[in-house]
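Here's structure12.cif, which has mmCIF, C-alpha atoms and all ligand atoms:
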```
data_upload
#
loop_
_atom_site.label_atom_id
_atom_site.label_comp_id
_atom_site.auth_asym_id
_atom_site.auth_seq_id
_atom_site.Cartn_x
_atom_site.Cartn_y
_atom_site.Cartn_z
CA MET S 26 -3.99 13.44 15.27
CA ASP S 27 -0.26 12.97 15.80
CA GLU S 28 -0.55 10.18 18.36
CA PRO S 29 -0.12 6.80 16.67
CA LEU S 30 -3.05 4.39 16.72
CA ILE S 31 -1.03 1.58 15.15
CA ILE S 32 2.60 0.62 15.62
CA CYS S 33 4.01 -2.42 13.80
CA ASP S 34 7.58 -3.17 14.69
CA ASN S 35 9.50 -5.81 12.73
CA LEU S 36 6.34 -7.78 12.14
CA VAL S 37 6.81 -11.32 10.80
CA LYS S 38 4.14 -13.74 9.64
CA ILE S 39 5.03 -17.22 8.49
CA TYR S 40 2.34 -19.55 7.18
CA LYS S 41 3.13 -23.24 7.39
CA VAL S 42 1.45 -25.34 4.74
CA ALA S 43 2.42 -29.01 5.15
CA THR S 44 6.23 -28.90 5.04
CA LEU S 45 6.34 -25.56 3.23
CA GLU S 46 6.85 -22.21 4.95
CA VAL S 47 5.54 -19.02 3.34
CA VAL S 48 6.95 -15.81 4.79
CA ALA S 49 4.06 -13.41 4.20
CA LEU S 50 5.47 -10.55 6.30
CA GLN S 51 9.20 -10.28 6.80
CA GLY S 52 9.96 -7.55 9.30
CA LEU S 53 7.32 -4.99 8.46
CA ASP S 54 7.46 -1.60 10.19
CA LEU S 55 4.51 0.78 10.08
CA VAL S 56 3.17 3.64 12.14
CA VAL S 57 -0.34 4.93 11.52
CA LYS S 58 -1.55 8.09 13.18
CA ARG S 59 -4.93 8.43 14.84
CA GLY S 60 -7.39 9.91 12.37
CA GLU S 61 -5.26 9.02 9.38
CA LEU S 62 -6.73 7.75 6.11
CA LEU S 63 -4.03 5.44 4.79
CA GLY S 64 -3.78 3.64 1.46
CA VAL S 65 -1.85 0.38 1.16
CA VAL S 66 -0.70 -0.82 -2.26
CA GLY S 67 1.45 -3.69 -3.46
CA ALA S 68 1.57 -6.57 -5.91
CA SER S 69 -0.63 -9.59 -5.35
CA GLY S 70 0.92 -11.81 -2.69
CA SER S 71 3.00 -9.01 -1.15
CA GLY S 72 1.31 -9.42 2.27
CA LYS S 73 -1.40 -6.72 2.30
CA SER S 74 -4.26 -8.96 3.44
CA THR S 75 -1.99 -10.67 5.96
CA LEU S 76 -1.28 -7.28 7.50
CA MET S 77 -4.98 -6.36 7.57
CA ASN S 78 -5.89 -9.68 9.19
CA ILE S 79 -3.28 -9.16 11.90
CA LEU S 80 -4.36 -5.56 12.57
CA GLY S 81 -7.96 -6.73 12.71
CA GLY S 82 -7.22 -9.49 15.20
CA LEU S 83 -8.22 -12.24 12.76
CA ASP S 84 -4.73 -13.68 12.72
CA ARG S 85 -1.64 -13.52 14.90
CA PRO S 86 1.87 -12.58 13.83
CA SER S 87 4.71 -15.11 14.16
CA ALA S 88 7.15 -12.54 15.57
CA GLY S 89 7.63 -8.82 16.08
CA ARG S 90 5.37 -6.38 17.90
CA VAL S 91 2.05 -4.82 17.04
CA TRP S 92 0.02 -2.34 19.05
CA VAL S 93 -3.39 -0.99 18.09
CA ASP S 94 -5.08 1.63 20.23
CA GLY S 95 -2.94 0.64 23.21
CA TYR S 96 -3.57 -3.11 22.82
CA ASP S 97 -0.52 -5.34 22.45
CA LEU S 98 -2.04 -7.82 20.00
CA LEU S 99 0.62 -10.45 20.66
CA LYS S 100 -0.16 -10.56 24.35
CA LEU S 101 -3.96 -10.75 24.18
CA SER S 102 -5.56 -14.09 25.03
CA ASP S 103 -7.80 -15.64 22.35
CA PHE S 104 -10.81 -14.38 24.27
CA ALA S 105 -9.44 -10.83 24.57
CA LEU S 106 -8.43 -10.80 20.89
CA ASP S 107 -11.96 -11.79 19.96
CA ARG S 108 -13.37 -8.96 22.07
CA TYR S 109 -10.84 -6.51 20.60
CA ARG S 110 -11.91 -7.49 17.08
CA ARG S 111 -15.60 -7.00 17.77
CA ALA S 112 -15.26 -3.75 19.73
CA LYS S 113 -12.41 -1.96 17.98
CA VAL S 114 -12.36 -3.00 14.33
CA GLY S 115 -14.69 -2.69 11.36
CA PHE S 116 -13.99 -4.71 8.20
CA VAL S 117 -15.00 -4.09 4.62
CA TRP S 118 -14.07 -6.87 2.16
CA GLN S 119 -13.77 -6.78 -1.59
CA GLN S 120 -16.94 -8.73 -2.37
CA GLY S 121 -20.14 -7.04 -1.19
CA ALA S 122 -21.59 -10.50 -0.63
CA ARG S 123 -18.95 -11.41 1.97
CA ASN S 124 -19.91 -8.34 4.01
CA LEU S 125 -23.67 -8.82 4.05
CA VAL S 126 -26.25 -11.42 4.96
CA PRO S 127 -28.40 -11.98 1.83
CA TYR S 128 -31.71 -12.70 3.60
CA LEU S 129 -31.56 -9.52 5.70
CA ASN S 130 -32.33 -6.08 4.33
CA ALA S 131 -29.85 -3.19 4.54
CA LEU S 132 -31.18 -1.93 7.88
CA GLU S 133 -31.17 -5.41 9.44
CA ASN S 134 -27.64 -6.00 8.17
CA VAL S 135 -26.42 -2.85 9.90
CA MET S 136 -28.31 -3.74 13.09
CA LEU S 137 -26.94 -7.30 13.22
CA PRO S 138 -23.51 -6.57 14.80
CA MET S 139 -25.23 -4.46 17.48
CA THR S 140 -27.74 -7.22 18.22
CA LEU S 141 -24.90 -9.75 18.40
CA ALA S 142 -23.10 -7.46 20.83
CA GLY S 143 -26.14 -7.64 23.10
CA GLN S 144 -27.72 -4.25 22.35
CA SER S 145 -31.49 -4.06 22.27
CA GLY S 146 -34.30 -1.52 22.31
CA ARG S 147 -34.51 1.45 19.97
CA GLN S 148 -30.84 2.34 19.97
CA PRO S 149 -29.58 -0.20 17.35
CA ARG S 150 -32.31 0.74 14.87
CA ARG S 151 -31.67 4.46 15.33
CA ARG S 152 -27.93 4.06 14.90
CA ALA S 153 -28.40 1.82 11.84
CA GLN S 154 -30.65 4.44 10.24
CA GLU S 155 -28.15 7.17 11.01
CA LEU S 156 -25.28 5.15 9.52
CA LEU S 157 -27.24 4.34 6.37
CA SER S 158 -27.99 8.02 5.82
CA THR S 159 -24.33 8.89 6.45
CA VAL S 160 -23.33 6.55 3.60
CA GLY S 161 -26.09 8.06 1.44
CA LEU S 162 -28.53 5.13 1.54
CA ALA S 163 -31.36 6.48 3.69
CA GLU S 164 -33.82 5.46 0.96
CA ARG S 165 -32.50 1.92 0.69
CA GLN S 166 -33.11 0.61 4.22
CA ARG S 167 -35.58 -2.11 3.12
CA HIS S 168 -33.55 -3.29 0.15
CA TYR S 169 -31.86 -6.68 0.02
CA LEU S 170 -28.39 -7.48 -1.28
CA GLN S 171 -29.55 -8.56 -4.75
CA GLN S 172 -31.62 -5.36 -5.16
CA MET S 173 -28.56 -3.13 -4.84
CA SER S 174 -25.62 -2.30 -7.12
CA GLY S 175 -22.07 -3.29 -6.20
CA GLY S 176 -21.33 0.24 -5.01
CA GLU S 177 -24.48 0.35 -2.86
CA GLN S 178 -23.66 -3.04 -1.35
CA GLN S 179 -20.22 -1.72 -0.44
CA ARG S 180 -21.74 1.35 1.20
CA VAL S 181 -24.05 -0.85 3.27
CA ALA S 182 -20.96 -2.91 4.14
CA ILE S 183 -19.23 0.24 5.38
CA ALA S 184 -22.27 1.05 7.55
CA VAL S 185 -22.17 -2.52 8.94
CA ALA S 186 -18.46 -2.16 9.68
CA LEU S 187 -19.18 0.99 11.69
CA ALA S 188 -22.15 -0.42 13.61
CA ASN S 189 -20.17 -1.11 16.77
CA ASN S 190 -18.41 2.23 16.69
CA PRO S 191 -14.87 0.91 16.00
CA SER S 192 -11.75 3.05 16.18
CA LEU S 193 -10.15 1.27 13.22
CA LEU S 194 -11.77 0.71 9.83
CA LEU S 195 -10.03 -1.84 7.58
CA ALA S 196 -11.02 -2.16 3.94
CA ASP S 197 -9.35 -4.85 1.83
CA GLU S 198 -9.71 -3.86 -1.84
CA PRO S 199 -13.20 -2.40 -1.36
CA THR S 200 -13.17 -0.96 -4.88
CA GLY S 201 -11.79 -4.09 -6.54
CA GLU S 202 -15.08 -5.06 -8.17
CA VAL S 203 -16.66 -1.70 -9.00
CA ASP S 204 -16.19 0.82 -11.83
CA SER S 205 -14.14 3.98 -11.38
CA VAL S 206 -17.11 6.30 -10.78
CA THR S 207 -18.42 4.03 -8.03
CA ALA S 208 -14.91 3.72 -6.63
CA LEU S 209 -14.75 7.50 -6.37
CA ALA S 210 -18.03 7.56 -4.42
CA ILE S 211 -16.70 4.86 -2.08
CA TYR S 212 -13.48 6.81 -1.47
CA GLU S 213 -15.52 9.91 -0.68
CA THR S 214 -17.57 7.91 1.81
CA PHE S 215 -14.38 6.76 3.50
CA GLN S 216 -13.10 10.34 3.65
CA GLU S 217 -16.31 11.65 5.21
CA LEU S 218 -16.58 8.84 7.75
CA THR S 219 -12.96 9.05 8.78
CA GLN S 220 -13.45 12.71 9.57
CA HIS S 221 -16.99 12.53 10.93
CA TYR S 222 -16.40 9.62 13.34
CA GLY S 223 -12.74 10.33 14.13
CA LEU S 224 -11.80 6.96 12.64
CA THR S 225 -8.47 5.67 11.52
CA THR S 226 -8.98 4.02 8.15
CA ILE S 227 -6.77 1.74 6.08
CA ILE S 228 -7.73 0.99 2.48
CA VAL S 229 -5.90 -1.73 0.54
CA SER S 230 -6.11 -0.97 -3.15
CA HIS S 231 -4.88 -1.88 -6.61
CA ASP S 232 -5.91 1.54 -7.82
CA PRO S 233 -2.89 3.56 -8.99
CA ASP S 234 -4.83 6.76 -8.25
CA ILE S 235 -5.42 5.92 -4.60
CA ALA S 236 -2.98 8.67 -3.56
CA TYR S 237 -5.55 11.25 -4.65
CA HIS S 238 -8.09 9.95 -2.15
CA VAL S 239 -6.07 9.30 1.02
CA HIS S 240 -3.61 11.16 3.24
CA ARG S 241 -0.68 8.82 2.60
CA VAL S 242 0.07 5.68 0.61
CA VAL S 243 2.35 2.92 1.83
CA ALA S 244 3.65 0.35 -0.64
CA ILE S 245 4.37 -3.18 0.53
CA ARG S 246 6.87 -5.32 -1.34
CA ASP S 247 7.75 -8.87 -0.32
CA GLY S 248 6.20 -8.48 3.12
CA ARG S 249 7.86 -5.17 4.01
CA THR S 250 6.94 -1.53 3.69
CA SER S 251 9.09 -0.39 0.77
CA SER S 252 7.99 3.15 0.01
CA GLU S 253 5.58 5.91 0.98
CA THR S 254 3.84 8.44 -1.17
CA VAL S 255 3.00 11.68 0.54
CA ARG S 256 1.16 14.68 -0.72
CA GLN S 257 3.47 17.63 -1.10
CA PRO S 258 2.35 20.81 0.60
CA ALA S 259 0.81 23.09 -2.03
CA ALA S 260 3.37 25.46 -3.47
CA VAL S 261 2.90 28.98 -2.20
CA SER S 262 2.41 31.04 -5.32
CA THR S 263 3.50 34.63 -5.14
CA PRO S 264 0.99 36.81 -6.96
CA ALA S 265 2.28 39.24 -9.56
CA ASP S 266 2.36 42.93 -8.60
CA GLY S 267 -1.06 44.37 -7.95
CA GLU S 268 -2.70 40.95 -8.25
CA ALA S 269 -4.63 39.59 -5.28
CA PRO S 270 -3.67 36.10 -4.15
CA SER S 271 -6.26 33.75 -5.61
CA VAL S 272 -7.64 31.16 -3.22
CA ALA S 273 -9.52 29.47 -6.04
CA GLY S 274 -6.28 29.25 -8.00
CA VAL S 275 -4.57 27.33 -5.17
CA ALA S 276 -7.51 24.98 -4.74
CA ALA S 277 -7.60 24.20 -8.46
CA GLU S 278 -3.93 23.29 -8.52
CA ALA S 279 -3.37 19.53 -8.97
CA PRO S 280 -1.82 17.94 -5.89
CA ARG S 281 1.81 16.92 -6.16
CA PHE S 282 3.10 13.67 -4.74
CA GLU S 283 6.48 12.46 -3.70
CA GLU S 284 7.40 8.81 -3.35
CA LEU S 285 9.84 8.17 -0.51
CA VAL S 286 11.69 4.91 0.11
CA VAL S 287 11.29 3.50 3.62
CA VAL S 288 14.47 2.80 5.58
CA ASP S 289 13.68 0.38 8.40
CA SER S 290 15.13 0.37 11.91
CA ALA S 291 17.97 -1.91 10.76
CA GLY S 292 18.89 0.48 7.93
CA ARG S 293 17.45 -1.76 5.19
CA LEU S 294 15.71 -0.27 2.19
CA GLN S 295 14.29 -1.70 -1.01
CA VAL S 296 15.69 -0.42 -4.28
CA PRO S 297 13.04 -0.55 -7.05
CA LYS S 298 13.52 -3.61 -9.32
CA GLU S 299 13.67 -1.45 -12.48
CA TYR S 300 16.68 0.43 -11.08
CA LEU S 301 18.49 -2.81 -10.25
CA GLN S 302 17.78 -4.25 -13.68
CA ARG S 303 18.87 -1.13 -15.51
CA LEU S 304 22.31 -1.21 -13.85
CA ALA S 305 22.44 -5.04 -13.80
CA ILE S 306 22.91 -4.95 -10.04
CA LYS S 307 22.95 -8.36 -8.38
CA GLY S 308 24.26 -9.53 -5.04
CA ARG S 309 26.45 -6.65 -3.92
CA VAL S 310 26.87 -2.94 -4.56
CA ARG S 311 29.38 -0.26 -3.72
CA LEU S 312 28.03 2.40 -1.34
CA GLU S 313 29.67 5.77 -1.29
CA LEU S 314 28.90 8.57 1.12
CA ARG S 315 29.06 11.84 -0.76
CA GLU S 316 28.24 15.42 0.16
CA GLY S 317 24.60 15.17 1.27
CA GLU S 318 23.89 11.88 -0.51
CA ILE S 319 24.70 8.19 -0.67
CA ALA S 320 25.53 6.68 -4.06
CA ILE S 321 24.85 3.03 -4.91
CA GLN S 322 27.10 1.68 -7.66
CA PRO S 323 27.19 -1.71 -9.34
CA VAL S 324 30.23 -3.88 -8.72
CA GLN S 325 31.36 -6.71 -10.94
CA SER S 326 32.10 -9.91 -9.09
CA ALA S 327 35.49 -11.55 -9.73
CA THR S 328 33.86 -14.14 -12.03
CA GLU S 329 31.94 -11.46 -13.93
CA ALA S 330 35.15 -9.47 -14.43
CA HIS S 331 36.91 -12.65 -15.59
CA GLU S 332 34.07 -13.46 -18.02
CA ALA S 333 34.23 -9.92 -19.43
CA GLU S 334 38.01 -10.21 -19.95
CA LYS S 335 37.68 -13.60 -21.62
CA LEU S 336 35.00 -12.24 -23.95
CA ALA S 337 37.16 -9.26 -24.88
CA ALA S 338 40.12 -11.58 -25.61
CA GLU S 339 37.94 -13.86 -27.75
CA LEU S 340 36.57 -10.95 -29.73
CA ALA S 341 40.07 -9.66 -30.39
CA THR S 342 40.99 -12.92 -32.17
CA THR S 343 37.91 -13.37 -34.37
CA PRO S 344 38.40 -12.82 -38.13
CA GLN S 345 36.07 -9.80 -37.94
CA ALA S 346 38.11 -8.25 -35.15
CA ARG S 347 41.35 -8.93 -37.04
CA GLY S 348 39.73 -7.38 -40.09
CA ARG S 349 38.80 -4.26 -38.14
CA ARG S 350 42.34 -4.02 -36.76
CA ASP S 351 43.82 -4.34 -40.27
CA VAL S 352 41.51 -1.63 -41.61
CA ALA S 353 42.43 0.64 -38.70
CA GLU S 354 46.12 -0.01 -39.40
CA LEU S 355 45.70 0.77 -43.11
CA PHE S 356 43.79 3.93 -42.25
CA ARG S 357 46.59 5.11 -39.94
CA ARG S 358 49.20 4.48 -42.67
CA TRP S 359 47.12 6.09 -45.38
CA ARG S 360 46.12 9.31 -43.49
CA PRO S 361 49.57 11.00 -43.33
CA SER S 362 50.17 10.71 -47.08
CA GLY S 363 46.58 11.84 -47.74
CA ARG S 364 47.21 14.98 -45.73
CA ARG S 365 50.45 15.64 -47.52
CA ARG S 366 48.71 15.45 -50.87
CA SER S 367 46.12 18.15 -50.04
N1 LIG S 401 -3.73 -18.75 5.11
C1 LIG S 401 -2.61 -18.84 4.39
N2 LIG S 401 -1.90 -19.97 4.33
C2 LIG S 401 -0.78 -20.06 3.61
N3 LIG S 401 -0.24 -19.05 2.91
C3 LIG S 401 -0.89 -17.88 2.92
C4 LIG S 401 -2.11 -17.71 3.65
N4 LIG S 401 -2.53 -16.42 3.48
C5 LIG S 401 -1.64 -15.84 2.68
N5 LIG S 401 -0.64 -16.71 2.34
C6 LIG S 401 0.53 -16.40 1.50
O1 LIG S 401 1.17 -15.27 2.06
C7 LIG S 401 1.60 -14.37 1.03
C8 LIG S 401 0.93 -13.01 1.21
O2 LIG S 401 -0.46 -13.15 0.97
P1 LIG S 401 -1.51 -11.98 1.12
O3 LIG S 401 -1.28 -11.29 2.42
O4 LIG S 401 -2.84 -12.55 0.88
O5 LIG S 401 -1.07 -11.01 -0.07
P2 LIG S 401 -1.87 -9.82 -0.79
O6 LIG S 401 -3.09 -9.53 0.01
O7 LIG S 401 -0.90 -8.70 -0.84
O8 LIG S 401 -2.19 -10.32 -2.16
C9 LIG S 401 1.27 -15.05 -0.28
O9 LIG S 401 2.41 -15.76 -0.72
C10 LIG S 401 0.16 -16.00 0.10
O10 LIG S 401 0.14 -17.12 -0.76
MG MG S 402 -5.16 -9.55 -0.54
#
```
In structure tokens, what does this structure look like?
Amino acid sequence: MDEPLIICDNLVKIYKVATLEVVALQGLDLVVKRGELLGVVGASGSGKSTLMNILGGLDRPSAGRVWVDGYDLLKLSDFALDRYRRAKVGFVWQQGARNLVPYLNALENVMLPMTLAGQSGRQPRRRAQELLSTVGLAERQRHYLQQMSGGEQQRVAIAVALANNPSLLLADEPTGEVDSVTALAIYETFQELTQHYGLTTIIVSHDPDIAYHVHRVVAIRDGRTSSETVRQPAAVSTPADGEAPSVAGVAAEAPRFEELVVVDSAGRLQVPKEYLQRLAIKGRVRLELREGEIAIQPVQSATEAHEAEKLAAELATTPQARGRRDVAELFRRWRPSGRRRS
């Protein structure tokens, strides 16, 4: 499980639209272990789908390195990339309709990738039946797209994605169009399959609760991995005297999560926007190495300091400010005599 299946090193993707360049990935680093169930979150436009398309061999990066299951995706010829995509990767998209052929029933949909890959005889049908029962749809083999709910369509889509026995399963917002109960069932399907077939699975999601359903969550911001949320090991509770340690008690305990900021190979990290806004940090900061920590402090630029001084000087000459000074002066003069009187 510890051997990486995916390594992205300083991955860059630039889209050119007419004269405009869009930097969708700007030096993204990511390592995904074999057998891992990974969640990817991030604002719309942060580069999540771009990353999935590159990992799935649907698109090529502009620069950087990316290996999946020993394949250097930058070095593969178009033909080899095509073969990689069909043999190694399963895709599940957000819309059930994009995943399935409407005039084929569930079983035929799952058999299709195997037929396209040149398999014939009984094997494709048997595997398709097995996959449909694994996703809990053994009874729905003869149903068509429009006869199934959104959640069922997505489960057929997962079975289709697994038809060719891929090592990597990529799901781009698979729960984006279903309710939360259905989403939960879909997450459970991903968990079971990842374990059962020894898959490595990446789920892109908008769901803030995704951390409860995966091993690790990586957040992408502006085309880079910015933070990771990992499940904290369960706290070891020491039972009170005479009390037996309760296994059920540990299991019932809510998982705890910790969000860690990613520092890339060049030492760059992304400070959350709220933090920057709260301290009005712009442009440059002061870094200070302290005992066991590094402090980031705001610095005023020369112009900001000048503006602040000017403002203070202006305030000091307004009638209100003069008034306040006069009152303060009166107060100082009055206090001593007041004290003497008491
Ligand atoms: N085919 C494309 N051509 C031009 N720009 C694109 C293309 N695909 C994505 N982009 C741009 O790249 C950025 C990242 O997009 P995307 O990876 O789809 O983000 P996400 O999936 O996180 O919403 C966005 O600014 C998007 O407009
Ligand atoms: Mg997307």
task: Write out as a list in words each polymer residue whose atoms come within 9 Å of segment 291-295 of chain S, counting only C-alpha atoms; drop sequence neighbours fewer than 5 positions from it.
output: Arg246, Arg249, Thr250, Ser251, Ser252 and Val286 of chain S
message: Could you check the closest approach to Ala196 of chain S for each of S:Phe116, S:Tyr212, S:Tyr222, S:Tyr237 and tell me which residue wins, using all atoms listed in the file?
response: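 Using all atoms listed in the file, Ala196 of chain S sits closest to S:Phe116.
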- request: Taking the point (13.7, -7.8, 10.0) as given in the file, collect each protein or nucleic acid residue that comes within 8 Å of it, counting all atoms listed in the file, and present the set as number ranges by chain.
  value: S: 35-37, 51-53, 291
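Taking atom CA of Arg110 of chain S as the reference point, atom CA of Leu83 of chain S is found at 7.4 Å.
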message: Considering all atoms listed in the file, can you say which of S:Met173, S:Ala105, S:Ala68, S:Ile319 comes closest to ligand MG 402 (chain S)?
response: S:Ala68
